[in-house]
Amino acid sequence: MRRRGGARRRGGWRRRRRREPRRGNARTRAVATRTPARKSKSGKSERKGGHDGALAHGRAILPRVISFVMPDSNAPVTLELIETLPKTDLHVHLDGSLRLATILDLADKQRIDLPARDPEGLRAAMHLGENCGSLVEYLKAFEVTLRVMQDAESLRRIAYELAEDEARENVRYMEVRYAPMLHTRRGLKLTTVVESVLEGLRQAQEEHGIESNVIICGIRNVSAESSLEMAELAVAYKGRGVVGFDLAGAEYDYPAKHHKAAFQLVRDNNINVTIHAGEAYGPESIAQAIHVCGAHRIGHGCRLRESGDLLHYVNDHRIPLECCPSSNVQTGAIRDLSSHPLKLYKNLGLRVTVNTDNRLVTNTTVSRELWLCHTQMGLSLGDIKRIILSGFKSAFLPFHVKQQYLRKVSEELRNVPGDAAGDELWPPQSVPSATSVRVDALSERP
């Protein structure tokens, strides 16, 4: 015989598990405890469900709630904290990222003239970290650095030191770019230039664990024939450390379409393409980079906001932006950091990455750029974590390699306390930790 409340068995009534209605999400739902059974007059065990039964006997049985201590949303985001986070640097120029002491040392050994012979004098002469007013003025500092980058050993050392400096702030993956044609003033072969840089990067990986690859650049304000030669070099070293092709240099008056043959060659060989665009010229430059030259990423893209239609195209097709905030202020592309469009792009859902551009010339690091995004643009620690993940998603790496990076980095970021993005917490697999943060590493394809 069946009665309300359960099925009869020896020794009393079998308790039927009572299903509570689902309220809220899995994280905040209260799970009520069972109310204790009472003896009936017949001596059989009975149960009155839920709180009503408890209140009928003068006892208030409160639901047992799994509580979670949320991180302090007001915890300070310091530069030191950001330095501990795993990061990428996808837009960094080799010839703009030397150590100042290395320039002086190499110039002394090679008897090369410099504007000054001491660190402070050279820093002032090169206007390091200063607003230059234009990209053309900004690029004048490279005339100094290129003087000491004309032999194989110097290139190897400079590449090694760059990777070492990046590793010190926990950059896990770097794509360094340069134009080999600019390092042949003393007769160095183009192949020797490429191999010297790759050797330095490999040595740094062995000693410091940072993975680095190369993007070879053509130069806008040099001939299209030279860019084609650089493209041929990228094809020759595909799979041997070169992962992409770029077009750098003065943007205004030097449209990317003039170098179309170089881009056709690399695309025919399935090589990744990134192009400096929207820095010193308007959104037309970005459209040309994408539609004429086949860019998979855009370097800078500051002026993308001037064309809403193109902006949404970039967003819909998940074309990453290689943002370099401090450099954009230094070249005059942006008035100041607070007016940088990076936050707008991020809020609209664009895939935004943060990079150094030139560690020496801009006097910066990846950590500093991310910290400035927090202090000058109001980005939260959660925003910074998502930008970091966008960097790994945007890397010119095979799909499964990116997946491995994303899984590992996501786990590390979840363990960093102080994220205020409470409504975007990572869905718990069991009981979530107090430092859980939702990071979209595996919610979409890399």
# chains A, B, ... in the order shown; residues from 1 in each chain; ligands from 1
$ residues_around --residues "Tyr254 of chain A" --least-positions-apart "3" --cutoff "10 Å" --atoms "only C-alpha atoms" --output "number ranges by chain"
A: 219-222, 249-251, 257-259, 281, 285
$ residues_around --residues "Val354 of chain A" --least-positions-apart "2" --cutoff "8 Å" --atoms "only C-alpha atoms" --output "PyMOL selection string"
chain A and resi 89+322-325+352+356+366+369-370+387-388+391
$ closest_residue --among "A:Leu90, A:Ala124, A:Ile290, A:Ile216" --to "Arg172 of chain A" --atoms "only C-alpha atoms"
A:Leu90
$ select_by_dssp --residues "segment 228-280 of chain A" --states "helix (DSSP H, G or I)" --output "MDAnalysis selection string"
chainID A and resid 228:236 256:268
$ atom_distance --atom1 "atom CA of Phe399 of chain A" --atom2 "atom CA of Ala256 of chain A"
28.2 Å
